[in-house]
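Listing of start-v5.pdb, PDB, N, CA, C and O atoms and all ligand atoms
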ATOM      1  N   MET A  63       0.847  -1.198   0.000
ATOM      2  CA  MET A  63       0.000   0.000   0.000
ATOM      3  C   MET A  63       0.880   1.245   0.000
ATOM      4  O   MET A  63       2.021   1.234   0.432
ATOM      5  N   LEU A  64       0.281   2.316  -0.499
ATOM      6  CA  LEU A  64       1.027   3.549  -0.691
ATOM      7  C   LEU A  64       0.119   4.713  -0.315
ATOM      8  O   LEU A  64      -1.042   4.750  -0.723
ATOM      9  N   LEU A  65       0.640   5.651   0.464
ATOM     10  CA  LEU A  65      -0.168   6.806   0.846
ATOM     11  C   LEU A  65       0.205   7.991  -0.038
ATOM     12  O   LEU A  65       1.365   8.388  -0.099
ATOM     13  N   ILE A  66      -0.794   8.531  -0.731
ATOM     14  CA  ILE A  66      -0.549   9.682  -1.592
ATOM     15  C   ILE A  66      -1.477  10.826  -1.212
ATOM     16  O   ILE A  66      -2.494  10.610  -0.559
ATOM     17  N   THR A  67      -1.125  12.023  -1.613
ATOM     18  CA  THR A  67      -2.026  13.160  -1.461
ATOM     19  C   THR A  67      -2.435  13.614  -2.850
ATOM     20  O   THR A  67      -1.591  13.962  -3.668
ATOM     21  N   CYS A  68      -3.731  13.572  -3.127
ATOM     22  CA  CYS A  68      -4.218  13.965  -4.442
ATOM     23  C   CYS A  68      -4.088  15.476  -4.606
ATOM     24  O   CYS A  68      -4.589  16.233  -3.777
ATOM     25  N   PRO A  69      -3.418  15.925  -5.678
ATOM     26  CA  PRO A  69      -3.257  17.373  -5.898
ATOM     27  C   PRO A  69      -4.547  18.044  -6.358
ATOM     28  O   PRO A  69      -4.644  19.259  -6.354
ATOM     29  N   VAL A  70      -5.536  17.250  -6.750
ATOM     30  CA  VAL A  70      -6.803  17.804  -7.241
ATOM     31  C   VAL A  70      -7.780  18.017  -6.092
ATOM     32  O   VAL A  70      -8.338  19.099  -5.922
ATOM     33  N   THR A  71      -7.965  16.968  -5.278
ATOM     34  CA  THR A  71      -8.945  17.054  -4.193
ATOM     35  C   THR A  71      -8.295  17.370  -2.843
ATOM     36  O   THR A  71      -8.986  17.617  -1.872
ATOM     37  N   ARG A  72      -6.941  17.311  -2.798
ATOM     38  CA  ARG A  72      -6.182  17.597  -1.571
ATOM     39  C   ARG A  72      -6.474  16.608  -0.454
ATOM     40  O   ARG A  72      -6.317  16.930   0.723
ATOM     41  N   THR A  73      -6.920  15.401  -0.815
ATOM     42  CA  THR A  73      -7.192  14.400   0.201
ATOM     43  C   THR A  73      -6.090  13.356   0.202
ATOM     44  O   THR A  73      -5.451  13.106  -0.819
ATOM     45  N   ASP A  74      -5.853  12.733   1.353
ATOM     46  CA  ASP A  74      -4.898  11.636   1.457
ATOM     47  C   ASP A  74      -5.602  10.344   1.066
ATOM     48  O   ASP A  74      -6.697  10.059   1.551
ATOM     49  N   GLU A  75      -4.964   9.566   0.213
ATOM     50  CA  GLU A  75      -5.567   8.325  -0.259
ATOM     51  C   GLU A  75      -4.593   7.173  -0.061
ATOM     52  O   GLU A  75      -3.418   7.285  -0.381
ATOM     53  N   LEU A  76      -5.109   6.053   0.451
ATOM     54  CA  LEU A  76      -4.315   4.844   0.568
ATOM     55  C   LEU A  76      -4.526   4.031  -0.710
ATOM     56  O   LEU A  76      -5.660   3.676  -1.048
ATOM     57  N   VAL A  77      -3.435   3.769  -1.424
ATOM     58  CA  VAL A  77      -3.534   3.204  -2.765
ATOM     59  C   VAL A  77      -2.902   1.813  -2.816
ATOM     60  O   VAL A  77      -1.807   1.600  -2.302
ATOM     61  N   ALA A  78      -3.592   0.877  -3.457
ATOM     62  CA  ALA A  78      -3.070  -0.480  -3.605
ATOM     63  C   ALA A  78      -2.016  -0.522  -4.708
ATOM     64  O   ALA A  78      -2.029   0.291  -5.631
ATOM     65  N   GLU A  79      -1.121  -1.522  -4.621
ATOM     66  CA  GLU A  79      -0.038  -1.646  -5.605
ATOM     67  C   GLU A  79      -0.569  -1.788  -7.034
ATOM     68  O   GLU A  79       0.064  -1.344  -7.975
ATOM     69  N   ARG A  80      -1.737  -2.408  -7.182
ATOM     70  CA  ARG A  80      -2.249  -2.625  -8.540
ATOM     71  C   ARG A  80      -2.603  -1.313  -9.228
ATOM     72  O   ARG A  80      -2.809  -1.284 -10.441
ATOM     73  N   ARG A  81      -2.729  -0.243  -8.470
ATOM     74  CA  ARG A  81      -3.027   1.056  -9.070
ATOM     75  C   ARG A  81      -1.767   1.794  -9.513
ATOM     76  O   ARG A  81      -1.862   2.876 -10.086
ATOM     77  N   ILE A  82      -0.612   1.231  -9.250
ATOM     78  CA  ILE A  82       0.630   1.845  -9.717
ATOM     79  C   ILE A  82       0.819   1.484 -11.185
ATOM     80  O   ILE A  82       0.974   0.318 -11.536
ATOM     81  N   ARG A  83       0.753   2.467 -12.053
ATOM     82  CA  ARG A  83       0.839   2.240 -13.494
ATOM     83  C   ARG A  83       2.267   1.974 -13.943
ATOM     84  O   ARG A  83       2.507   1.185 -14.851
ATOM     85  N   SER A  84       3.220   2.673 -13.365
ATOM     86  CA  SER A  84       4.607   2.481 -13.762
ATOM     87  C   SER A  84       5.543   2.930 -12.658
ATOM     88  O   SER A  84       5.198   3.764 -11.831
ATOM     89  N   VAL A  85       6.724   2.318 -12.631
ATOM     90  CA  VAL A  85       7.774   2.706 -11.706
ATOM     91  C   VAL A  85       9.021   2.942 -12.545
ATOM     92  O   VAL A  85       9.473   2.047 -13.246
ATOM     93  N   VAL A  86       9.537   4.164 -12.501
ATOM     94  CA  VAL A  86      10.698   4.496 -13.315
ATOM     95  C   VAL A  86      11.857   4.890 -12.407
ATOM     96  O   VAL A  86      11.746   5.804 -11.605
ATOM     97  N   ASN A  87      12.951   4.167 -12.533
ATOM     98  CA  ASN A  87      14.118   4.403 -11.694
ATOM     99  C   ASN A  87      15.066   5.392 -12.364
ATOM    100  O   ASN A  87      15.602   5.109 -13.426
ATOM    101  N   HIS A  88      15.241   6.532 -11.737
ATOM    102  CA  HIS A  88      16.165   7.543 -12.232
ATOM    103  C   HIS A  88      17.394   7.580 -11.325
ATOM    104  O   HIS A  88      17.334   7.116 -10.193
ATOM    105  N   PRO A  89      18.490   8.144 -11.794
ATOM    106  CA  PRO A  89      19.685   8.248 -10.936
ATOM    107  C   PRO A  89      19.427   9.021  -9.655
ATOM    108  O   PRO A  89      20.053   8.765  -8.630
ATOM    109  N   THR A  90      18.500   9.965  -9.706
ATOM    110  CA  THR A  90      18.279  10.850  -8.564
ATOM    111  C   THR A  90      17.033  10.514  -7.762
ATOM    112  O   THR A  90      16.887  10.961  -6.632
ATOM    113  N   HIS A  91      16.126   9.753  -8.347
ATOM    114  CA  HIS A  91      14.865   9.474  -7.660
ATOM    115  C   HIS A  91      14.132   8.341  -8.378
ATOM    116  O   HIS A  91      14.564   7.894  -9.439
ATOM    117  N   ILE A  92      13.007   7.922  -7.799
ATOM    118  CA  ILE A  92      12.128   6.948  -8.442
ATOM    119  C   ILE A  92      10.797   7.641  -8.705
ATOM    120  O   ILE A  92      10.237   8.282  -7.819
ATOM    121  N   ALA A  93      10.306   7.528  -9.931
ATOM    122  CA  ALA A  93       9.030   8.136 -10.293
ATOM    123  C   ALA A  93       7.945   7.071 -10.321
ATOM    124  O   ALA A  93       8.071   6.055 -11.001
ATOM    125  N   LEU A  94       6.862   7.303  -9.570
ATOM    126  CA  LEU A  94       5.732   6.383  -9.525
ATOM    127  C   LEU A  94       4.530   7.051 -10.182
ATOM    128  O   LEU A  94       4.125   8.134  -9.783
ATOM    129  N   ALA A  95       3.971   6.401 -11.200
ATOM    130  CA  ALA A  95       2.740   6.893 -11.810
ATOM    131  C   ALA A  95       1.596   6.114 -11.182
ATOM    132  O   ALA A  95       1.508   4.902 -11.325
ATOM    133  N   VAL A  96       0.721   6.818 -10.461
ATOM    134  CA  VAL A  96      -0.324   6.177  -9.667
ATOM    135  C   VAL A  96      -1.708   6.606 -10.129
ATOM    136  O   VAL A  96      -1.978   7.791 -10.294
ATOM    137  N   GLU A  97      -2.570   5.613 -10.342
ATOM    138  CA  GLU A  97      -3.961   5.899 -10.673
ATOM    139  C   GLU A  97      -4.671   6.324  -9.391
ATOM    140  O   GLU A  97      -4.758   5.551  -8.432
ATOM    141  N   CYS A  98      -5.171   7.536  -9.385
ATOM    142  CA  CYS A  98      -5.719   8.119  -8.159
ATOM    143  C   CYS A  98      -7.152   7.643  -7.895
ATOM    144  O   CYS A  98      -8.020   7.806  -8.744
ATOM    145  N   PRO A  99      -7.421   7.046  -6.719
ATOM    146  CA  PRO A  99      -8.780   6.597  -6.393
ATOM    147  C   PRO A  99      -9.706   7.758  -6.047
ATOM    148  O   PRO A  99     -10.921   7.591  -6.002
ATOM    149  N   SER A 100      -9.154   8.928  -5.821
ATOM    150  CA  SER A 100      -9.954  10.082  -5.442
ATOM    151  C   SER A 100     -10.527  10.809  -6.652
ATOM    152  O   SER A 100     -11.720  11.072  -6.729
ATOM    153  N   CYS A 101      -9.664  11.108  -7.650
ATOM    154  CA  CYS A 101     -10.138  11.885  -8.801
ATOM    155  C   CYS A 101     -10.101  11.085 -10.099
ATOM    156  O   CYS A 101     -10.636  11.523 -11.108
ATOM    157  N   GLY A 102      -9.458   9.908 -10.101
ATOM    158  CA  GLY A 102      -9.486   9.051 -11.274
ATOM    159  C   GLY A 102      -8.382   9.280 -12.284
ATOM    160  O   GLY A 102      -8.247   8.512 -13.231
ATOM    161  N   SER A 103      -7.590  10.318 -12.112
ATOM    162  CA  SER A 103      -6.503  10.571 -13.052
ATOM    163  C   SER A 103      -5.204   9.944 -12.532
ATOM    164  O   SER A 103      -5.173   9.358 -11.455
ATOM    165  N   VAL A 104      -4.137  10.054 -13.319
ATOM    166  CA  VAL A 104      -2.854   9.481 -12.935
ATOM    167  C   VAL A 104      -1.925  10.598 -12.472
ATOM    168  O   VAL A 104      -1.715  11.576 -13.181
ATOM    169  N   HIS A 105      -1.382  10.440 -11.263
ATOM    170  CA  HIS A 105      -0.433  11.409 -10.731
ATOM    171  C   HIS A 105       0.940  10.759 -10.662
ATOM    172  O   HIS A 105       1.053   9.560 -10.437
ATOM    173  N   VAL A 106       1.977  11.563 -10.828
ATOM    174  CA  VAL A 106       3.341  11.052 -10.729
ATOM    175  C   VAL A 106       3.953  11.535  -9.419
ATOM    176  O   VAL A 106       3.958  12.736  -9.134
ATOM    177  N   TYR A 107       4.444  10.575  -8.627
ATOM    178  CA  TYR A 107       5.093  10.892  -7.366
ATOM    179  C   TYR A 107       6.545  10.482  -7.419
ATOM    180  O   TYR A 107       6.893   9.506  -8.083
ATOM    181  N   ARG A 108       7.388  11.195  -6.731
ATOM    182  CA  ARG A 108       8.813  10.926  -6.757
ATOM    183  C   ARG A 108       9.305  10.609  -5.361
ATOM    184  O   ARG A 108       8.909  11.231  -4.402
ATOM    185  N   THR A 109      10.188   9.640  -5.301
ATOM    186  CA  THR A 109      10.795   9.294  -4.027
ATOM    187  C   THR A 109      12.305   9.393  -4.152
ATOM    188  O   THR A 109      12.847   9.386  -5.246
ATOM    189  N   GLY A 110      13.004   9.444  -3.045
ATOM    190  CA  GLY A 110      14.460   9.491  -3.078
ATOM    191  C   GLY A 110      15.002  10.742  -2.416
ATOM    192  O   GLY A 110      14.512  11.828  -2.653
ATOM    193  N   ARG A 111      16.030  10.561  -1.578
ATOM    194  CA  ARG A 111      16.521  11.700  -0.804
ATOM    195  C   ARG A 111      17.310  12.693  -1.638
ATOM    196  O   ARG A 111      17.538  13.821  -1.200
ATOM    197  N   ARG A 112      17.747  12.296  -2.846
ATOM    198  CA  ARG A 112      18.474  13.235  -3.679
ATOM    199  C   ARG A 112      17.529  14.089  -4.524
ATOM    200  O   ARG A 112      17.958  14.942  -5.262
ATOM    201  N   TRP A 113      16.228  13.819  -4.391
ATOM    202  CA  TRP A 113      15.254  14.489  -5.238
ATOM    203  C   TRP A 113      15.282  16.007  -5.074
ATOM    204  O   TRP A 113      15.256  16.748  -6.055
ATOM    205  N   GLU A 114      15.327  16.495  -3.850
ATOM    206  CA  GLU A 114      15.275  17.937  -3.631
ATOM    207  C   GLU A 114      16.411  18.646  -4.357
ATOM    208  O   GLU A 114      16.224  19.687  -4.959
ATOM    209  N   ALA A 115      17.608  18.072  -4.307
ATOM    210  CA  ALA A 115      18.762  18.700  -4.940
ATOM    211  C   ALA A 115      18.668  18.631  -6.457
ATOM    212  O   ALA A 115      19.208  19.479  -7.162
ATOM    213  N   ALA A 116      17.973  17.626  -6.966
ATOM    214  CA  ALA A 116      17.931  17.395  -8.407
ATOM    215  C   ALA A 116      16.618  17.846  -9.034
ATOM    216  O   ALA A 116      16.358  17.574 -10.188
ATOM    217  N   ARG A 117      15.804  18.545  -8.262
ATOM    218  CA  ARG A 117      14.463  18.892  -8.727
ATOM    219  C   ARG A 117      14.481  19.599 -10.085
ATOM    220  O   ARG A 117      13.738  19.245 -11.001
ATOM    221  N   ALA A 118      15.333  20.574 -10.233
ATOM    222  CA  ALA A 118      15.373  21.350 -11.468
ATOM    223  C   ALA A 118      15.719  20.467 -12.661
ATOM    224  O   ALA A 118      15.103  20.563 -13.726
ATOM    225  N   ALA A 119      16.687  19.594 -12.488
ATOM    226  CA  ALA A 119      17.137  18.750 -13.587
ATOM    227  C   ALA A 119      16.080  17.713 -13.963
ATOM    228  O   ALA A 119      15.949  17.348 -15.125
ATOM    229  N   ALA A 120      15.322  17.252 -12.986
ATOM    230  CA  ALA A 120      14.371  16.171 -13.228
ATOM    231  C   ALA A 120      13.007  16.679 -13.684
ATOM    232  O   ALA A 120      12.192  15.900 -14.151
ATOM    233  N   ALA A 121      12.740  17.951 -13.560
ATOM    234  CA  ALA A 121      11.416  18.491 -13.845
ATOM    235  C   ALA A 121      10.972  18.172 -15.267
ATOM    236  O   ALA A 121       9.829  17.808 -15.503
ATOM    237  N   GLY A 122      11.880  18.291 -16.218
ATOM    238  CA  GLY A 122      11.532  18.018 -17.602
ATOM    239  C   GLY A 122      11.154  16.575 -17.824
ATOM    240  O   GLY A 122      10.200  16.274 -18.534
ATOM    241  N   GLN A 123      11.863  15.646 -17.174
ATOM    242  CA  GLN A 123      11.579  14.226 -17.324
ATOM    243  C   GLN A 123      10.236  13.877 -16.708
ATOM    244  O   GLN A 123       9.471  13.109 -17.268
ATOM    245  N   ALA A 124       9.918  14.459 -15.580
ATOM    246  CA  ALA A 124       8.691  14.133 -14.870
ATOM    247  C   ALA A 124       7.462  14.558 -15.661
ATOM    248  O   ALA A 124       6.390  14.012 -15.482
ATOM    249  N   ALA A 125       7.626  15.511 -16.553
ATOM    250  CA  ALA A 125       6.494  15.991 -17.327
ATOM    251  C   ALA A 125       6.156  15.055 -18.481
ATOM    252  O   ALA A 125       5.155  15.230 -19.140
ATOM    253  N   ARG A 126       7.013  14.048 -18.714
ATOM    254  CA  ARG A 126       6.774  13.132 -19.825
ATOM    255  C   ARG A 126       6.827  11.677 -19.347
ATOM    256  O   ARG A 126       7.684  10.911 -19.765
ATOM    257  N   PRO A 127       5.926  11.268 -18.461
ATOM    258  CA  PRO A 127       5.983   9.902 -17.907
ATOM    259  C   PRO A 127       5.834   8.827 -18.956
ATOM    260  O   PRO A 127       6.431   7.771 -18.855
ATOM    261  N   ALA A 128       5.058   9.072 -20.026
ATOM    262  CA  ALA A 128       4.861   8.053 -21.052
ATOM    263  C   ALA A 128       6.164   7.777 -21.784
ATOM    264  O   ALA A 128       6.485   6.639 -22.104
ATOM    265  N   ALA A 129       6.927   8.811 -22.044
ATOM    266  CA  ALA A 129       8.185   8.650 -22.743
ATOM    267  C   ALA A 129       9.180   7.872 -21.894
ATOM    268  O   ALA A 129       9.972   7.092 -22.411
ATOM    269  N   GLU A 130       9.110   8.046 -20.584
ATOM    270  CA  GLU A 130      10.048   7.379 -19.695
ATOM    271  C   GLU A 130       9.857   5.864 -19.718
ATOM    272  O   GLU A 130      10.795   5.118 -19.525
ATOM    273  N   LEU A 131       8.664   5.414 -20.000
ATOM    274  CA  LEU A 131       8.387   3.982 -20.004
ATOM    275  C   LEU A 131       9.225   3.243 -21.036
ATOM    276  O   LEU A 131       9.556   2.083 -20.856
ATOM    277  N   THR A 132       9.561   3.919 -22.127
ATOM    278  CA  THR A 132      10.328   3.259 -23.181
ATOM    279  C   THR A 132      11.738   2.941 -22.718
ATOM    280  O   THR A 132      12.415   2.132 -23.322
ATOM    281  N   HIS A 133      12.174   3.577 -21.629
ATOM    282  CA  HIS A 133      13.522   3.339 -21.120
ATOM    283  C   HIS A 133      13.525   2.446 -19.899
ATOM    284  O   HIS A 133      14.556   2.193 -19.322
ATOM    285  N   ALA A 134      12.347   2.002 -19.442
ATOM    286  CA  ALA A 134      12.252   1.231 -18.201
ATOM    287  C   ALA A 134      12.851  -0.159 -18.390
ATOM    288  O   ALA A 134      12.854  -0.693 -19.475
TER     289      ALA A 134
HETATM  290 ZN    ZN B   1      -6.128  12.609  -7.764
END
Could you render the structure from this file as structure tokens?
Amino acid sequence: MLLITCPVTRTDELVAERRIRSVVNHPTHIALAVECPSCGSVHVYRTGRRWEAARAAAAGQAARPAAELTHA
């Protein structure tokens, strides 16, 4: 299970693994594309302690989750 905060409804949602659409491993973080049970759309969440330092560099990649799948 995974706890996310929906950026649309601002509610905390407990999400099952089957709702994770993709997991993309980057050098600086891991990007999770999650189907949101609250609003129904897919949100991308990032994990990893180096994320804050690499935010600027990773922003462009995070905006294209579909393209990242081809490299998974
Ligand atoms: Zn949502």
Check: Which residues, written as a PyMOL selection string, have at least one atom at most 8 Å from stretch 65-72 of chain A, with only N, CA, C and O atoms counted and residues fewer than 5 positions away on the same chain left out?
Finding: chain A and resi 77-78+98-101+105-106
List the spatial neighbours of A:Leu94 as a compact mmCIF listing (two decimals) with N, CA, C and O atoms, in the coordinates of the input - criterion: any atom at most 8 Å away, only C-alpha atoms, same-chain residues fewer than 5 positions off excluded.
# COMPACT_ATOMS: atom_id res chain seq x y z
N ILE A 82 -0.61 1.23 -9.25
CA ILE A 82 0.63 1.84 -9.72
C ILE A 82 0.82 1.48 -11.18
O ILE A 82 0.97 0.32 -11.54
N ARG A 83 0.75 2.47 -12.05
CA ARG A 83 0.84 2.24 -13.49
C ARG A 83 2.27 1.97 -13.94
O ARG A 83 2.51 1.18 -14.85
N SER A 84 3.22 2.67 -13.36
CA SER A 84 4.61 2.48 -13.76
C SER A 84 5.54 2.93 -12.66
O SER A 84 5.20 3.76 -11.83
N VAL A 85 6.72 2.32 -12.63
CA VAL A 85 7.77 2.71 -11.71
C VAL A 85 9.02 2.94 -12.54
O VAL A 85 9.47 2.05 -13.25
N VAL A 86 9.54 4.16 -12.50
CA VAL A 86 10.70 4.50 -13.32
C VAL A 86 11.86 4.89 -12.41
O VAL A 86 11.75 5.80 -11.60
N VAL A 106 1.98 11.56 -10.83
CA VAL A 106 3.34 11.05 -10.73
C VAL A 106 3.95 11.54 -9.42
O VAL A 106 3.96 12.74 -9.13
N TYR A 107 4.44 10.58 -8.63
CA TYR A 107 5.09 10.89 -7.37
C TYR A 107 6.54 10.48 -7.42
O TYR A 107 6.89 9.51 -8.08
N ARG A 108 7.39 11.20 -6.73
CA ARG A 108 8.81 10.93 -6.76
C ARG A 108 9.30 10.61 -5.36
O ARG A 108 8.91 11.23 -4.40
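Atom C of A:Glu75 to atom C of A:His91 spans 20.5 Å [interatomic distance, one decimal].
Compared by their closest atoms to ligand ZN 1 (chain B), and using only C-alpha atoms and all ligand atoms, the residues A:Arg81, A:Glu97, A:Thr109, A:Thr90 rank with A:Glu97 nearest.
The smallest atom-to-atom distance between ligand ZN 1 (chain B) and any of A:Thr73, A:Gly110, A:Asn87, A:Arg80, using only N, CA, C and O atoms and all ligand atoms, is found for A:Thr73.
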What separates atom N of A:Pro89 and atom O of A:Asp74 is a distance of 28.6 Å
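Of note, atom N of A:Ile92 and atom N of A:Glu79 are spaced 17.3 Å apart.
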